[in-house]
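So this block is structure-v2.txt, compact mmCIF, C-alpha atoms:
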```txt
# COMPACT_ATOMS: atom_id res chain seq x y z
CA MET V 1 0.46 -49.03 -5.74
CA ASN V 2 -2.23 -48.03 -8.25
CA ARG V 3 -0.26 -45.09 -9.58
CA GLY V 4 -1.10 -44.27 -13.13
CA MET V 5 -4.02 -46.69 -13.30
CA THR V 6 -7.07 -45.32 -15.11
CA ALA V 7 -10.54 -45.37 -13.53
CA LYS V 8 -11.41 -48.24 -15.85
CA GLY V 9 -8.24 -50.07 -14.85
CA LEU V 10 -9.02 -49.62 -11.17
CA ALA V 11 -12.57 -50.91 -11.71
CA THR V 12 -11.27 -54.02 -13.47
CA ARG V 13 -8.72 -54.62 -10.74
CA GLN V 14 -11.45 -54.27 -8.11
CA ARG V 15 -13.67 -56.72 -10.01
CA ILE V 16 -10.84 -59.27 -9.97
CA VAL V 17 -10.21 -58.72 -6.24
CA VAL V 18 -13.89 -59.23 -5.41
CA ALA V 19 -14.08 -62.42 -7.49
CA ALA V 20 -10.85 -63.75 -5.96
CA ALA V 21 -12.20 -62.98 -2.48
CA LEU V 22 -15.32 -65.06 -3.18
CA LEU V 23 -13.21 -67.95 -4.46
CA ILE V 24 -10.97 -67.79 -1.41
CA ARG V 25 -13.98 -67.74 0.92
CA GLU V 26 -15.10 -71.00 -0.66
CA LYS V 27 -11.81 -72.82 -1.13
CA GLY V 28 -9.42 -71.18 1.32
CA ALA V 29 -6.40 -69.07 0.36
CA ALA V 30 -3.97 -71.99 0.28
CA GLU V 31 -6.02 -73.81 -2.38
CA THR V 32 -6.67 -70.84 -4.66
CA THR V 33 -4.32 -70.45 -7.63
CA LEU V 34 -3.93 -67.63 -10.14
CA ASP V 35 -5.40 -69.98 -12.75
CA ASP V 36 -8.57 -70.35 -10.65
CA VAL V 37 -8.89 -66.58 -10.50
CA ARG V 38 -8.20 -66.26 -14.21
CA ALA V 39 -10.95 -68.76 -15.00
CA ALA V 40 -13.45 -67.16 -12.62
CA THR V 41 -12.88 -63.65 -13.97
CA SER V 42 -12.32 -64.45 -17.67
CA THR V 43 -9.06 -62.56 -17.68
CA SER V 44 -5.81 -63.42 -19.39
CA LYS V 45 -2.55 -64.21 -17.66
CA SER V 46 -1.03 -60.96 -18.92
CA GLN V 47 -4.00 -58.98 -17.63
CA LEU V 48 -3.60 -60.54 -14.18
CA PHE V 49 0.10 -59.70 -14.14
CA HIS V 50 -0.72 -56.19 -15.26
CA TYR V 51 -2.85 -55.69 -12.14
CA PHE V 52 -0.74 -57.84 -9.81
CA PRO V 53 2.85 -57.50 -11.04
CA ASP V 54 4.25 -59.82 -8.35
CA GLY V 55 1.66 -62.49 -9.11
CA ARG V 56 -0.22 -64.57 -6.58
CA ILE V 57 1.19 -62.95 -3.41
CA ASP V 58 0.34 -59.51 -4.77
CA MET V 59 -3.22 -60.65 -5.39
CA LEU V 60 -3.54 -62.29 -1.96
CA VAL V 61 -2.41 -59.05 -0.32
CA ALA V 62 -5.03 -57.11 -2.31
CA VAL V 63 -7.73 -59.60 -1.29
CA ALA V 64 -6.61 -59.42 2.36
CA ARG V 65 -6.95 -55.63 2.22
CA HIS V 66 -10.43 -56.04 0.70
CA GLU V 67 -11.47 -58.56 3.37
CA ALA V 68 -10.20 -56.27 6.13
CA ASP V 69 -12.47 -53.56 4.69
CA GLN V 70 -15.36 -56.05 4.63
CA VAL V 71 -14.91 -56.70 8.37
CA LEU V 72 -15.59 -53.01 9.03
CA GLU V 73 -18.27 -52.69 6.33
CA ALA V 74 -20.28 -55.50 7.94
CA GLN V 75 -20.53 -53.37 11.10
CA ARG V 76 -21.64 -50.20 9.37
CA PRO V 77 -23.38 -47.86 9.75
CA TYR V 78 -23.63 -48.80 13.46
CA LEU V 79 -19.88 -48.88 14.05
CA ASP V 80 -19.66 -45.15 13.33
CA GLU V 81 -22.52 -44.10 15.59
CA LEU V 82 -22.18 -46.10 18.78
CA THR V 83 -23.46 -43.30 20.97
CA THR V 84 -26.72 -44.83 22.23
CA TRP V 85 -27.67 -48.16 23.77
CA GLU V 86 -29.91 -48.80 20.75
CA SER V 87 -27.00 -48.44 18.35
CA TRP V 88 -24.84 -50.82 20.45
CA GLN V 89 -27.62 -53.39 20.27
CA ALA V 90 -27.99 -52.90 16.51
CA TRP V 91 -24.20 -53.19 16.12
CA ARG V 92 -24.19 -56.41 18.16
CA LYS V 93 -26.89 -57.88 15.89
CA ALA V 94 -24.93 -56.92 12.77
CA VAL V 95 -21.79 -58.60 14.13
CA LEU V 96 -23.71 -61.76 15.01
CA ARG V 97 -25.34 -61.87 11.58
CA HIS V 98 -22.04 -61.36 9.75
CA TYR V 99 -20.10 -64.04 11.62
CA GLY V 100 -23.08 -66.36 11.76
CA GLU V 101 -23.14 -66.27 7.96
CA LEU V 102 -19.40 -66.85 7.67
CA GLY V 103 -19.59 -69.74 10.14
CA ARG V 104 -16.33 -71.66 10.27
CA ARG V 105 -14.87 -69.60 7.46
CA CYS V 106 -12.50 -66.84 8.42
CA PRO V 107 -11.42 -65.22 5.13
CA LEU V 108 -8.86 -62.86 6.64
CA GLY V 109 -7.42 -65.61 8.84
CA SER V 110 -7.07 -67.93 5.85
CA LEU V 111 -5.31 -65.16 3.91
CA THR V 112 -2.92 -64.09 6.65
CA SER V 113 -1.94 -67.65 7.44
CA GLU V 114 -1.30 -68.27 3.71
CA LEU V 115 0.71 -65.04 3.43
CA GLY V 116 2.63 -66.07 6.52
CA LYS V 117 2.51 -64.51 9.94
CA SER V 118 5.91 -63.03 9.25
CA SER V 119 4.78 -61.28 6.06
CA PRO V 120 5.07 -57.58 6.89
CA GLU V 121 2.19 -56.67 4.57
CA ALA V 122 -0.22 -59.17 6.15
CA ARG V 123 0.77 -57.96 9.62
CA THR V 124 0.20 -54.33 8.66
CA ILE V 125 -3.22 -55.02 7.17
CA VAL V 126 -4.32 -56.81 10.35
CA SER V 127 -2.87 -54.22 12.76
CA ASP V 128 -4.39 -51.38 10.76
CA LEU V 129 -7.75 -53.13 10.85
CA PHE V 130 -7.60 -53.55 14.63
CA ALA V 131 -6.47 -49.93 15.12
CA THR V 132 -9.35 -48.53 13.02
CA TRP V 133 -11.83 -50.87 14.68
CA GLU V 134 -10.67 -50.01 18.21
CA ALA V 135 -10.79 -46.26 17.45
CA ALA V 136 -14.40 -46.55 16.24
CA LEU V 137 -15.42 -48.54 19.34
CA LEU V 138 -13.63 -46.02 21.55
CA ARG V 139 -15.54 -43.11 20.01
CA GLY V 140 -18.69 -44.93 21.13
CA THR V 141 -17.58 -45.98 24.61
CA GLY V 142 -16.00 -42.54 25.13
CA THR V 143 -19.32 -40.85 24.45
CA LEU V 144 -21.23 -43.01 26.92
CA LEU V 145 -18.63 -43.52 29.67
CA SER V 146 -17.29 -40.37 31.25
CA ASP V 147 -14.29 -42.10 32.83
CA ARG V 148 -11.56 -42.28 30.17
CA GLY V 149 -9.92 -45.40 31.59
CA ALA V 150 -13.28 -47.18 31.66
CA ALA V 151 -14.00 -46.13 28.06
CA VAL V 152 -10.62 -47.46 26.86
CA GLY V 153 -10.98 -50.71 28.79
CA CYS V 154 -14.50 -51.20 27.51
CA ALA V 155 -13.53 -50.65 23.85
CA ARG V 156 -10.69 -53.16 24.27
CA SER V 157 -12.86 -55.80 25.89
CA VAL V 158 -15.53 -55.39 23.18
CA LEU V 159 -12.87 -55.89 20.51
CA ALA V 160 -11.52 -58.95 22.35
CA ALA V 161 -15.06 -60.30 22.77
CA VAL V 162 -15.55 -60.32 18.99
CA GLN V 163 -12.21 -62.04 18.33
CA GLY V 164 -12.72 -64.63 21.06
CA GLY V 165 -16.30 -65.34 20.04
CA VAL V 166 -15.18 -65.86 16.44
CA VAL V 167 -12.33 -68.21 17.47
CA LEU V 168 -14.84 -70.31 19.42
CA LEU V 169 -17.35 -70.18 16.56
CA GLN V 170 -14.71 -71.64 14.26
CA VAL V 171 -13.85 -74.44 16.66
CA THR V 172 -17.35 -75.32 17.93
CA ASP V 173 -19.51 -74.20 15.00
CA ARG V 174 -21.71 -72.42 17.56
CA VAL V 175 -22.47 -68.72 17.79
CA ASP V 176 -23.34 -68.92 21.53
CA TYR V 177 -19.89 -67.80 22.65
CA LEU V 178 -19.96 -64.70 20.46
CA GLU V 179 -23.48 -63.91 21.70
CA ALA V 180 -22.53 -64.26 25.37
CA ALA V 181 -19.23 -62.41 24.96
CA LEU V 182 -20.86 -59.44 23.22
CA THR V 183 -23.69 -59.26 25.73
CA SER V 184 -21.22 -59.14 28.59
CA ALA V 185 -18.77 -56.74 26.93
CA ILE V 186 -21.35 -54.08 25.99
CA GLU V 187 -23.17 -54.29 29.33
CA PRO V 188 -21.44 -51.17 30.76
CA MET V 189 -22.98 -49.13 27.93
CA ARG V 190 -26.47 -50.24 28.91
CA SER V 191 -26.07 -49.03 32.48
CA ALA V 192 -24.30 -45.84 31.32
CA ALA V 193 -27.06 -45.02 28.81
CA ALA V 194 -29.69 -45.56 31.49
CA ARG V 195 -28.12 -42.93 33.73
CA MET W 1 -2.10 -95.54 21.65
CA ASN W 2 0.41 -96.36 24.36
CA ARG W 3 -0.82 -99.92 24.75
CA GLY W 4 1.88 -102.28 25.84
CA MET W 5 4.40 -99.54 26.53
CA THR W 6 6.38 -100.03 29.76
CA ALA W 7 6.58 -97.32 32.41
CA LYS W 8 10.12 -96.63 31.27
CA GLY W 9 8.97 -96.45 27.67
CA LEU W 10 6.23 -94.00 28.57
CA ALA W 11 8.70 -91.84 30.47
CA THR W 12 11.06 -91.73 27.50
CA ARG W 13 8.22 -90.88 25.15
CA GLN W 14 7.13 -88.10 27.49
CA ARG W 15 10.70 -86.75 27.66
CA ILE W 16 10.76 -86.57 23.86
CA VAL W 17 7.35 -84.85 23.73
CA VAL W 18 8.43 -82.22 26.27
CA ALA W 19 11.69 -81.54 24.40
CA ALA W 20 9.86 -81.35 21.06
CA ALA W 21 7.33 -78.95 22.60
CA LEU W 22 10.14 -76.62 23.70
CA LEU W 23 11.71 -76.72 20.24
CA ILE W 24 8.35 -75.98 18.61
CA ARG W 25 7.74 -73.07 20.99
CA GLU W 26 11.01 -71.55 19.79
CA LYS W 27 10.95 -72.38 16.09
CA GLY W 28 7.27 -72.95 15.31
CA ALA W 29 5.75 -76.29 14.27
CA ALA W 30 6.28 -75.76 10.54
CA GLU W 31 10.04 -75.33 10.98
CA THR W 32 10.62 -78.27 13.35
CA THR W 33 11.79 -81.52 11.74
CA LEU W 34 12.16 -84.99 13.22
CA ASP W 35 15.92 -84.52 12.86
CA ASP W 36 15.77 -81.43 15.09
CA VAL W 37 13.93 -83.45 17.73
CA ARG W 38 16.38 -86.32 17.37
CA ALA W 39 19.32 -83.98 17.90
CA ALA W 40 17.69 -82.22 20.86
CA THR W 41 16.79 -85.46 22.63
CA SER W 42 19.82 -87.60 21.67
CA THR W 43 17.59 -90.33 20.34
CA SER W 44 18.03 -92.48 17.25
CA LYS W 45 15.76 -92.50 14.25
CA SER W 46 14.52 -95.99 15.11
CA GLN W 47 13.75 -94.91 18.69
CA LEU W 48 11.69 -91.97 17.42
CA PHE W 49 9.74 -94.24 15.08
CA HIS W 50 9.21 -96.68 17.93
CA TYR W 51 7.43 -93.97 19.91
CA PHE W 52 5.82 -92.22 16.94
CA PRO W 53 5.15 -94.95 14.35
CA ASP W 54 3.66 -92.52 11.82
CA GLY W 55 6.60 -90.17 12.14
CA ARG W 56 6.43 -86.39 12.30
CA ILE W 57 2.61 -86.03 12.22
CA ASP W 58 2.33 -88.54 15.06
CA MET W 59 4.81 -86.54 17.09
CA LEU W 60 3.08 -83.22 16.32
CA VAL W 61 -0.23 -84.68 17.51
CA ALA W 62 1.43 -85.84 20.76
CA VAL W 63 2.95 -82.39 21.28
CA ALA W 64 -0.41 -80.72 20.55
CA ARG W 65 -2.01 -82.92 23.20
CA HIS W 66 0.76 -81.95 25.62
CA GLU W 67 0.34 -78.24 24.86
CA ALA W 68 -3.42 -78.48 25.35
CA ASP W 69 -2.70 -79.92 28.82
CA GLN W 70 -0.29 -77.06 29.49
CA VAL W 71 -3.03 -74.52 28.75
CA LEU W 72 -5.08 -75.96 31.61
CA GLU W 73 -2.06 -76.57 33.88
CA ALA W 74 -1.12 -72.89 33.67
CA GLN W 75 -4.49 -72.02 35.24
CA ARG W 76 -4.26 -74.51 38.10
CA PRO W 77 -4.99 -74.81 40.93
CA TYR W 78 -7.31 -71.78 40.53
CA LEU W 79 -9.24 -73.18 37.57
CA ASP W 80 -10.58 -75.98 39.77
CA GLU W 81 -11.68 -73.78 42.66
CA LEU W 82 -13.30 -70.70 41.14
CA THR W 83 -15.84 -70.39 43.94
CA THR W 84 -14.74 -67.07 45.48
CA TRP W 85 -13.92 -63.65 44.10
CA GLU W 86 -10.37 -64.09 45.44
CA SER W 87 -9.89 -67.25 43.38
CA TRP W 88 -11.21 -65.54 40.22
CA GLN W 89 -8.69 -62.75 40.76
CA ALA W 90 -5.88 -65.25 41.32
CA TRP W 91 -6.97 -67.17 38.21
CA ARG W 92 -6.97 -63.95 36.18
CA LYS W 93 -3.42 -63.19 37.32
CA ALA W 94 -2.26 -66.70 36.41
CA VAL W 95 -3.77 -66.36 32.91
CA LEU W 96 -2.14 -62.96 32.39
CA ARG W 97 1.24 -64.28 33.59
CA HIS W 98 1.05 -67.35 31.33
CA TYR W 99 0.14 -65.52 28.13
CA GLY W 100 2.36 -62.58 28.98
CA GLU W 101 5.28 -65.03 29.06
CA LEU W 102 4.29 -66.67 25.79
CA GLY W 103 3.87 -63.27 24.12
CA ARG W 104 3.40 -63.64 20.39
CA ARG W 105 3.97 -67.38 20.53
CA CYS W 106 0.90 -69.57 20.46
CA PRO W 107 2.21 -73.15 20.63
CA LEU W 108 -1.14 -74.85 20.14
CA GLY W 109 -2.08 -72.49 17.30
CA SER W 110 1.21 -73.16 15.55
CA LEU W 111 0.66 -76.92 15.91
CA THR W 112 -2.94 -76.99 14.76
CA SER W 113 -2.21 -74.82 11.74
CA GLU W 114 0.70 -77.13 10.83
CA LEU W 115 -1.46 -80.22 11.32
CA GLY W 116 -4.10 -78.58 9.20
CA LYS W 117 -7.46 -77.33 10.31
CA SER W 118 -8.97 -80.32 8.58
CA SER W 119 -6.94 -82.83 10.58
CA PRO W 120 -9.53 -84.65 12.69
CA GLU W 121 -7.03 -85.25 15.50
CA ALA W 122 -6.06 -81.59 15.78
CA ARG W 123 -9.73 -80.57 15.80
CA THR W 124 -10.55 -83.09 18.54
CA ILE W 125 -7.66 -81.95 20.73
CA VAL W 126 -8.80 -78.34 20.49
CA SER W 127 -12.53 -79.06 21.01
CA ASP W 128 -11.74 -81.31 23.99
CA LEU W 129 -9.60 -78.56 25.47
CA PHE W 130 -12.37 -75.98 25.13
CA ALA W 131 -14.97 -78.39 26.55
CA THR W 132 -12.87 -79.17 29.64
CA TRP W 133 -12.01 -75.50 30.08
CA GLU W 134 -15.63 -74.34 29.76
CA ALA W 135 -16.82 -77.01 32.22
CA ALA W 136 -14.28 -75.84 34.82
CA LEU W 137 -15.28 -72.20 34.37
CA LEU W 138 -18.95 -73.17 34.60
CA ARG W 139 -18.39 -74.96 37.91
CA GLY W 140 -17.10 -71.63 39.20
CA THR W 141 -19.74 -69.33 37.70
CA GLY W 142 -22.46 -71.84 38.66
CA THR W 143 -21.41 -71.66 42.31
CA LEU W 144 -21.49 -67.86 42.42
CA LEU W 145 -24.42 -67.07 40.11
CA SER W 146 -27.72 -68.62 41.08
CA ASP W 147 -29.31 -68.05 37.65
CA ARG W 148 -28.27 -70.96 35.42
CA GLY W 149 -28.50 -68.97 32.18
CA ALA W 150 -26.33 -66.23 33.64
CA ALA W 151 -23.77 -68.79 34.83
CA VAL W 152 -23.56 -70.41 31.38
CA GLY W 153 -23.33 -67.05 29.62
CA CYS W 154 -20.67 -65.85 32.01
CA ALA W 155 -18.50 -68.99 31.60
CA ARG W 156 -18.76 -68.59 27.82
CA SER W 157 -17.84 -64.94 27.83
CA VAL W 158 -14.87 -65.58 30.14
CA LEU W 159 -13.63 -68.27 27.74
CA ALA W 160 -14.10 -65.93 24.78
CA ALA W 161 -12.32 -63.13 26.66
CA VAL W 162 -9.21 -65.28 27.02
CA GLN W 163 -9.21 -66.29 23.33
CA GLY W 164 -9.85 -62.76 22.09
CA GLY W 165 -7.26 -61.25 24.42
CA VAL W 166 -4.68 -63.77 23.18
CA VAL W 167 -5.48 -63.10 19.50
CA LEU W 168 -4.95 -59.37 20.12
CA LEU W 169 -1.78 -60.04 22.14
CA GLN W 170 -0.36 -61.91 19.15
CA VAL W 171 -1.20 -59.13 16.73
CA THR W 172 -0.34 -56.09 18.87
CA ASP W 173 2.25 -57.58 21.25
CA ARG W 174 0.31 -55.91 24.08
CA VAL W 175 -1.36 -57.62 27.02
CA ASP W 176 -3.81 -54.71 27.59
CA TYR W 177 -6.63 -56.36 25.63
CA LEU W 178 -6.42 -59.56 27.63
CA GLU W 179 -6.33 -57.54 30.86
CA ALA W 180 -9.38 -55.48 29.93
CA ALA W 181 -11.32 -58.45 28.56
CA LEU W 182 -10.75 -60.54 31.68
CA THR W 183 -11.63 -57.66 34.01
CA SER W 184 -14.90 -57.13 32.17
CA ALA W 185 -15.79 -60.83 31.81
CA ILE W 186 -15.30 -61.75 35.47
CA GLU W 187 -17.04 -58.61 36.77
CA PRO W 188 -20.38 -60.43 37.42
CA MET W 189 -18.57 -62.69 39.91
CA ARG W 190 -17.35 -59.70 41.90
CA SER W 191 -20.86 -58.37 42.37
CA ALA W 192 -22.24 -61.86 43.02
CA ALA W 193 -19.60 -62.62 45.65
CA ALA W 194 -20.31 -59.31 47.38
CA ARG W 195 -23.97 -60.26 47.88
```

Translate the structure described by the file into C-alpha cells.
Amino acid sequence: MNRGMTAKGLATRQRIVVAAALLIREKGAAETTLDDVRAATSTSKSQLFHYFPDGRIDMLVAVARHEADQVLEAQRPYLDELTTWESWQAWRKAVLRHYGELGRRCPLGSLTSELGKSSPEARTIVSDLFATWEAALLRGTGTLLSDRGAAVGCARSVLAAVQGGVVLLQVTDRVDYLEAALTSAIEPMRSAAAR
Amino acid sequence: MNRGMTAKGLATRQRIVVAAALLIREKGAAETTLDDVRAATSTSKSQLFHYFPDGRIDMLVAVARHEADQVLEAQRPYLDELTTWESWQAWRKAVLRHYGELGRRCPLGSLTSELGKSSPEARTIVSDLFATWEAALLRGTGTLLSDRGAAVGCARSVLAAVQGGVVLLQVTDRVDYLEAALTSAIEPMRSAAAR
C-alpha cells in the first residue's frame, strides 16, 4: 500500500491519519468528511488524494487500522507480559483507564459501522485485532494455567469480558460492568499464581 | 401509543411487527423498506400508516421493542428461576442455542444502528432491556451468593459475558467465546450451590 513512499511521505501520511482519528473520535466517522480532515491538517486536496488515492474510504480504512493498533497500545506493556498476577492486575487497570477515558465513544466501532459490516477490509482489520489480542492473552494464561483447555477458555473469556464490558459502558455510561467482568474473568489467574 | 386500538387492531399490528422482524432478520434494518413489509404482510399503505403513523421509523421502533422482548423470551423460563446450579446450566444452554441460531445476525443491533445511536427511543429500548435482564440475573445470583457485593458483581459479569460472547460470535462466526465466557461467569454459582 505504501510502496515507493519516502520516509517523509510516510510521516506526513501518519500525521494525517492521527489527526483524522482525533476528529473521528470527536465527531464520529459518519460525520467526518475529507474537507474536515483537510482543514484540520492544513493539507491540499491533491495531497490528500496522493496519500489516499481512493479518497474518503481509503482514509477511513487507514484510521481504522490505526485505531486497532491503539486498542493494543493502550494495554501495553502489560499485554505482552501477563505472566504474573501483578501484571494481570496492572493490565486490568490499564484497560479500565483506557475505556473509562473513551466513555461512550468507540472509535473502531464508529469506523467499522461507517465502512459497513460487509466491507472486507473493515472485517479483516477487526478479525486481525482480535486474533493478535487473543494470542497475547493466551501467552499469559498459558504460562499460569498448566491445563491447555483451561488456558484457552480463560483467554477467550477475558477477551469477551472486555468486549461485553465496553458494550455495557456505551449503553449505560457506567464502567461497573467492565470492572466486574474483568475481575471475574481474570480470577483463575489469581488462584493459579498463588499455587 | 396503542390507545384506542381494538383487540383486533392490536393483533393485526402485532402480526405486522412479527413479519417485519423476520424480514429485518434476513435483510437487515437498513435494507428493509415499508414496501417490503407491505408486500410480506399483504397490507395496504394506508393500513401501515394507520398502525405506524410516523411511517418507517415508527415501525422500526416497534420491531426493536419486539426484538428486545425476544432476547428475554429466549432465556425463559430459566431467566426467572436462576436459583439452582441446574437452572444456571439450563439458562446457559438456552443462551448458547439462541445466539448459535442467530449466528452473525444481531437483529437488535441492526435496528438500533439504523435508528441511530442518538435516537432517544432506541437508547431507551436498549437500556430498559439491560435493566430488566440485569435485575433477573441479580435475583438469581442474590439467592445463591450471600454477599450482596459478590451477587451484584456476578450478575454484571454474566451480563457482560453474554454481550462480549455475542460481539465475538459476530466477528469470528464462532460460538467458542460465548461458551467460555458463560462458563467462567457462572462459575461462582456452581461453588455456591455446592456449599

Item to check | Atom pair atom CA of Gln14 of chain V / atom CA of Ala122 of chain V: separation (Å) | outcome: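 Atom-to-atom, atom CA of Gln14 of chain V to atom CA of Ala122 of chain V, that is 18.8 Å.
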
Item to check | For Ala39 of chain W, the nearest of the candidates W:Leu72, W:Ile57, W:Leu23, W:Val162, counting only C-alpha atoms | outcome: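 Answer, going by the shortest atom-to-atom distance: W:Leu23.
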
Checklist entry - Within 8 Å of chain V, which residues of chain W show up when using only C-alpha atoms, listed as number ranges by chain? => result W: 123, 126-127, 153-154, 156-165, 167-168, 171-172, 176-178, 180-182, 184-185

Checklist entry - Out of V:Leu115, V:Ala90, V:Glu81, V:Arg174, which residue has the shortest atom-to-atom distance to Gly140 of chain V when counting all atoms listed in the file? => result V:Glu81

Item to check | Cut-off 12 Å around (-29.6, -65.6, 41.0) with all atoms listed in the file: residues as an NGL selection string | outcome: :W and (141-151 or 188-189 or 191-193 or 195)

Checklist entry - In terms of the shortest atom-to-atom distance over only C-alpha atoms, which of V:His50, V:Lys45, V:Arg13, V:Arg56 is closest to Ala30 of chain V? => result V:Arg56

Checklist entry - What is the distance between atom CA of Ser42 of chain W and atom CA of Ile16 of chain W, in Å to one decimal? => result 9.4 Å

Checklist entry - What is the atom CA of Cys106 of chain W-atom CA of Trp133 of chain W distance in Å, reported with one decimal? => result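 Separating atom CA of Cys106 of chain W from atom CA of Trp133 of chain W is a distance of 17.2 Å.
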
Item to check | segment 91-98 of chain W surroundings by only C-alpha atoms, 9 Å radius, close-in-sequence under 3 positions cut, as a ChimeraX atom specification | outcome: /W:71,74-79,82,86-88,101-103,162,175,178-179,182-183,186

What box, with edges along x, y and z, holds each listed atom of segment 96-107 of chain V when 5 Å is added on every side, and can you state its centre and edge lengths in Å to one decimal, as lines of an AutoDock Vina configuration file?
```
center_x = -18.4
center_y = -66.5
center_z = 10.1
size_x = 23.9
size_y = 20.3
size_z = 19.9
```

Next on the checklist: Could you list, as a PyMOL selection string, every residue within 12 Å of Ile24 of chain W, counting all atoms listed in the file and ignoring same-chain residues fewer than 3 positions away?
Outcome noted: chain W and resi 17-21+27-34+36-37+40+59-60+63-64+66-67+105-112+114
